[in-house]
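Notes follow once the structure below has been shown.
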Amino acid sequence: MAMLAAVLAGPNDLKAQEVPTPSPGPGEVLVKVGADTICGTDVRILRGEKTSGVQLPVVLGHETAGHVAEVGPGVSGYEVGAPVAMAPVIPCRHCWQCRHDLENACVNMRIVGYAVDGGLAEYLLVPADAVEARCLFVAGADLPSEQLALAEPLACVVNGQRWSPVEMDSTVLIMGAGPIGLLHLQLALVSGARAVVVSEPTPARRERATRFGATVAVDPAGEDLAAVVDEVSRGVGIDSVIVAIGRPELVNQAVQAARIGGRVNLFAGFKGTGLAEVESNLLHYKQVRLTGSSNARRADYETALHLIETGRIDTASMITHRFPLSAVGEAIETVSGGEAVKVAVIP
Ligand SMILES: [Zn+2]
Ligand SMILES: [Zn+2]
């Protein structure tokens, strides 16, 4: 049996090609992929800009959901046909980080779609250690796979807001209104924020942020962000600032916008070392807590899935483009073009 899979063999060498359909051995589960959504990281892996944790050749795709197709010997808890979604970080569960609730930063992690064949294929083979760690989640509602696939980026957002919590009646500033910014916006509203300011230079993205419930969508190039922050927070400053775009010059602006005792989360990754200039005295006098976050724990993934299943986070409206697996190249082009919110590949 053969299946179609998007195999990355080297930088910019991605082909949808026929490969043998995997068959689940002891402890493994085979998933019929319903959808895999593409994100900026896939683009960076494809171009060879992101190499850490990547082992080629590999089937790309780490935002994956579908249905259980076949269960290997010795596996319990999964029934053929059950809707499932895959948390792509496989933690070792033994290292110091894993033992101290920091498994999203596991030093031995393997990530599906980076080092383990991922979801841009007709079938995804879930390795035994991932099955044992329950990285494959059975969804509580049989929603379209493309909606469940967004549990992955949402899980990272849930993790990010643990480090820069959004409390009831708080004020939030989100810098950047790409797909990640929109998920941060929705989650902040679910958590009870009274005002969410979104700062975004692209008009179409600002408009989208407003549709998703932003209190104000500011153009940082043409408007005075500090004045808006002042007005929305009644002169107090922002409780929780999220930097959702990897531009080092935003770090100081984020600290400036934060209130005394406020928090800033550097959610986005930065190019290179991402060296940023920060007014140290702002941190000192304002007692701002500057945090970062990357990836997600299994618990965050579970929370994300619950948020989607119960309709509290709208992922359906975020899927703007769909492609078959044979057009995976075009799908990735569309992501890098920047007009799409989320692009789904439906094998
Ligand atoms: Zn992603
Ligand atoms: Zn570990």
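Quick note on naming: the chains in the structure tokens go A, B, ... in the order shown, residues restart at 1 in each chain, and ligands are numbered from 1 in order of appearance.
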Surroundings of ligand 1 up to 9 Å, based on only C-alpha atoms and all ligand atoms, as a PyMOL selection string: chain A and resi 37-42+61-63+150+152-153+156
Within 10 Å of ligand 2, counting only C-alpha atoms and all ligand atoms, residues as a list in words: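 I would give the residues around ligand 2 as Ile90, Pro91, Cys92, Arg93, His94, Cys95, Trp96, Gln97, Cys98, Arg99, His100, Asp101, Leu102, Glu103, Asn104, Ala105, Cys106, Val107, Asn108, Met109 and Arg110 of chain A.
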Long-range neighbours of Val126 of chain A as a PyMOL selection string, 7 Å cut-off, only C-alpha atoms, 5 positions minimum in chain: chain A and resi 28-30+131
Restricting the output to all heavy atoms, write the selected residues as a PDB file, in the first residue's frame.
```pdb
ATOM      1  N   GLU A  28       1.946   1.365  18.722  1.00  0.00           N
ATOM      2  CA  GLU A  28       1.759   2.491  17.796  1.00  0.00           C
ATOM      3  C   GLU A  28       0.298   2.632  17.357  1.00  0.00           C
ATOM      4  O   GLU A  28      -0.484   1.683  17.436  1.00  0.00           O
ATOM      5  CB  GLU A  28       2.646   2.308  16.555  1.00  0.00           C
ATOM      6  CG  GLU A  28       4.130   2.282  16.886  1.00  0.00           C
ATOM      7  CD  GLU A  28       5.020   1.967  15.689  1.00  0.00           C
ATOM      8  OE1 GLU A  28       4.533   1.343  14.717  1.00  0.00           O
ATOM      9  OE2 GLU A  28       6.210   2.330  15.726  1.00  0.00           O
ATOM     10  N   VAL A  29      -0.041   3.826  16.893  1.00  0.00           N
ATOM     11  CA  VAL A  29      -1.393   4.081  16.380  1.00  0.00           C
ATOM     12  C   VAL A  29      -1.261   4.752  15.015  1.00  0.00           C
ATOM     13  O   VAL A  29      -0.433   5.640  14.820  1.00  0.00           O
ATOM     14  CB  VAL A  29      -2.194   5.001  17.346  1.00  0.00           C
ATOM     15  CG1 VAL A  29      -3.527   5.423  16.722  1.00  0.00           C
ATOM     16  CG2 VAL A  29      -2.441   4.311  18.689  1.00  0.00           C
ATOM     17  N   LEU A  30      -2.073   4.308  14.080  1.00  0.00           N
ATOM     18  CA  LEU A  30      -2.100   4.923  12.753  1.00  0.00           C
ATOM     19  C   LEU A  30      -3.324   5.835  12.654  1.00  0.00           C
ATOM     20  O   LEU A  30      -4.440   5.419  12.947  1.00  0.00           O
ATOM     21  CB  LEU A  30      -2.154   3.842  11.662  1.00  0.00           C
ATOM     22  CG  LEU A  30      -1.985   4.364  10.223  1.00  0.00           C
ATOM     23  CD1 LEU A  30      -0.560   4.874   9.992  1.00  0.00           C
ATOM     24  CD2 LEU A  30      -2.330   3.276   9.205  1.00  0.00           C
ATOM     25  N   VAL A 131       2.403   7.578  21.971  1.00  0.00           N
ATOM     26  CA  VAL A 131       1.122   6.974  22.371  1.00  0.00           C
ATOM     27  C   VAL A 131       1.117   6.786  23.878  1.00  0.00           C
ATOM     28  O   VAL A 131       0.158   7.134  24.569  1.00  0.00           O
ATOM     29  CB  VAL A 131       0.903   5.613  21.655  1.00  0.00           C
ATOM     30  CG1 VAL A 131      -0.330   4.905  22.213  1.00  0.00           C
ATOM     31  CG2 VAL A 131       0.765   5.817  20.146  1.00  0.00           C
TER      32      VAL A 131
END
```
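The residue that comes closest to Ala139 of chain A, out of A:Ser317, A:Gln253, A:Thr202, A:Thr310 and on the basis of only C-alpha atoms, is A:Thr310.
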Sel. of strand (DSSP E or B) residues, segment 105-206 of chain A, as an MDAnalysis selection string: chainID A and resid 110:112 116 121 123:126 136:138 171:175 195:199
Close residues, Val80 of chain A itself excluded, 10 Å, only C-alpha atoms, min 6 positions apart in chain, as a list of chain:residue names: A:Val29, A:Leu30, A:Val31, A:Lys32, A:His67, A:Val68, A:Ala69, A:Glu70, A:Val71
Polymer residues at most 10 Å from Gly66 of chain A, only C-alpha atoms, same-chain spacing of 4 or more positions, as a PyMOL selection string: chain A and resi 31-36+81-86+119+122-124+138-139+142-146+148-149
Residues of segment 18-210 of chain A in alpha helix (DSSP H), written as a VMD selection string: chain A and resid 40 to 46 96 to 99 128 to 132 145 to 149 151 to 163 179 to 190 203 to 210
Within 7 Å of Leu183 of chain A using only C-alpha atoms, minus same-chain residues under 3 positions, as a VMD selection string: chain A and resid 154 157 179 to 180 186 to 187
Based on the selection just made, write all heavy atoms of those residues as a PDB file, in the first residue's frame.
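Output file part_28.pdb is given in full below:
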```
ATOM      1  N   LEU A 154      -2.892  26.884  19.325  1.00  0.00           N
ATOM      2  CA  LEU A 154      -3.628  27.386  20.493  1.00  0.00           C
ATOM      3  C   LEU A 154      -2.985  26.904  21.796  1.00  0.00           C
ATOM      4  O   LEU A 154      -2.924  27.645  22.781  1.00  0.00           O
ATOM      5  CB  LEU A 154      -5.107  26.971  20.418  1.00  0.00           C
ATOM      6  CG  LEU A 154      -5.994  27.451  21.568  1.00  0.00           C
ATOM      7  CD1 LEU A 154      -5.983  28.977  21.701  1.00  0.00           C
ATOM      8  CD2 LEU A 154      -7.442  26.947  21.402  1.00  0.00           C
ATOM      9  N   VAL A 157      -0.291  29.122  22.676  1.00  0.00           N
ATOM     10  CA  VAL A 157      -0.848  30.382  23.158  1.00  0.00           C
ATOM     11  C   VAL A 157      -1.308  30.242  24.617  1.00  0.00           C
ATOM     12  O   VAL A 157      -1.079  31.120  25.452  1.00  0.00           O
ATOM     13  CB  VAL A 157      -1.997  30.828  22.209  1.00  0.00           C
ATOM     14  CG1 VAL A 157      -2.880  31.879  22.834  1.00  0.00           C
ATOM     15  CG2 VAL A 157      -1.410  31.324  20.885  1.00  0.00           C
ATOM     16  N   PRO A 179      -2.085  34.849  12.624  1.00  0.00           N
ATOM     17  CA  PRO A 179      -2.919  33.809  13.242  1.00  0.00           C
ATOM     18  C   PRO A 179      -2.670  33.665  14.746  1.00  0.00           C
ATOM     19  O   PRO A 179      -3.609  33.487  15.520  1.00  0.00           O
ATOM     20  CB  PRO A 179      -2.523  32.530  12.496  1.00  0.00           C
ATOM     21  CG  PRO A 179      -1.467  32.899  11.525  1.00  0.00           C
ATOM     22  CD  PRO A 179      -1.370  34.366  11.437  1.00  0.00           C
ATOM     23  N   ILE A 180      -1.400  33.772  15.152  1.00  0.00           N
ATOM     24  CA  ILE A 180      -1.074  33.631  16.573  1.00  0.00           C
ATOM     25  C   ILE A 180      -1.663  34.802  17.378  1.00  0.00           C
ATOM     26  O   ILE A 180      -2.235  34.619  18.453  1.00  0.00           O
ATOM     27  CB  ILE A 180       0.461  33.542  16.744  1.00  0.00           C
ATOM     28  CG1 ILE A 180       0.964  32.177  16.270  1.00  0.00           C
ATOM     29  CG2 ILE A 180       0.887  33.817  18.183  1.00  0.00           C
ATOM     30  CD1 ILE A 180       0.506  30.990  17.095  1.00  0.00           C
ATOM     31  N   GLN A 186      -8.422  36.006  21.094  1.00  0.00           N
ATOM     32  CA  GLN A 186      -9.607  35.240  21.491  1.00  0.00           C
ATOM     33  C   GLN A 186      -9.454  34.673  22.901  1.00  0.00           C
ATOM     34  O   GLN A 186     -10.395  34.708  23.694  1.00  0.00           O
ATOM     35  CB  GLN A 186      -9.834  34.076  20.527  1.00  0.00           C
ATOM     36  CG  GLN A 186     -10.291  34.483  19.138  1.00  0.00           C
ATOM     37  CD  GLN A 186     -10.884  33.274  18.397  1.00  0.00           C
ATOM     38  OE1 GLN A 186     -11.901  32.722  18.795  1.00  0.00           O
ATOM     39  NE2 GLN A 186     -10.235  32.865  17.324  1.00  0.00           N
ATOM     40  N   LEU A 187      -8.254  34.159  23.206  1.00  0.00           N
ATOM     41  CA  LEU A 187      -8.045  33.557  24.530  1.00  0.00           C
ATOM     42  C   LEU A 187      -8.137  34.621  25.622  1.00  0.00           C
ATOM     43  O   LEU A 187      -8.700  34.378  26.695  1.00  0.00           O
ATOM     44  CB  LEU A 187      -6.698  32.834  24.577  1.00  0.00           C
ATOM     45  CG  LEU A 187      -6.437  32.053  25.865  1.00  0.00           C
ATOM     46  CD1 LEU A 187      -7.467  30.942  26.057  1.00  0.00           C
ATOM     47  CD2 LEU A 187      -5.028  31.456  25.878  1.00  0.00           C
TER      48      LEU A 187
END
```
Using 12 Å as the limit and counting only C-alpha atoms, can you tabulate each residue of segment 38-90 of chain A that touches segment 15-20 of chain A, with its shortest atom-to-atom distance in Å and the two atoms involved, as CSV?
```
residue,atom,partner,partner_atom,distance
A:Leu46,CA,A:Lys15,CA,10.9
A:Pro57,CA,A:Lys15,CA,11.0
A:Val58,CA,A:Lys15,CA,10.9
A:Val59,CA,A:Ala16,CA,9.4
A:Leu60,CA,A:Lys15,CA,10.3
```
Go ahead and write the selection's residues with N, CA and C atoms as a PDB file, in the first residue's frame.
```pdb
ATOM      1  N   LEU A  46      11.184  24.483   5.800  1.00  0.00           N
ATOM      2  CA  LEU A  46      11.303  24.237   4.361  1.00  0.00           C
ATOM      3  C   LEU A  46      12.482  25.006   3.761  1.00  0.00           C
ATOM      4  N   PRO A  57      15.563  13.097   5.799  1.00  0.00           N
ATOM      5  CA  PRO A  57      14.275  13.540   5.250  1.00  0.00           C
ATOM      6  C   PRO A  57      13.151  13.346   6.260  1.00  0.00           C
ATOM      7  N   VAL A  58      12.135  14.191   6.152  1.00  0.00           N
ATOM      8  CA  VAL A  58      11.006  14.071   7.069  1.00  0.00           C
ATOM      9  C   VAL A  58       9.725  14.504   6.361  1.00  0.00           C
ATOM     10  N   VAL A  59       8.610  13.917   6.765  1.00  0.00           N
ATOM     11  CA  VAL A  59       7.311  14.397   6.302  1.00  0.00           C
ATOM     12  C   VAL A  59       6.964  15.593   7.180  1.00  0.00           C
ATOM     13  N   LEU A  60       6.761  16.749   6.553  1.00  0.00           N
ATOM     14  CA  LEU A  60       6.446  17.970   7.311  1.00  0.00           C
ATOM     15  C   LEU A  60       5.052  17.890   7.929  1.00  0.00           C
TER      16      LEU A  60
END
```
Contacts of Gly10 of chain A within 12 Å, only C-alpha atoms, excl. fewer than 2 positions in-chain, as a ChimeraX atom specification: /A:7-8,12-15,45-51,54-60
Selected residue of minimal separation from Gly311 of chain A among A:Val75, A:Ala128, A:Met3, A:Ala141, counting only C-alpha atoms: A:Ala141
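Atom CA of Thr320 of chain A is found 26.1 Å from atom CA of Val172 of chain A.
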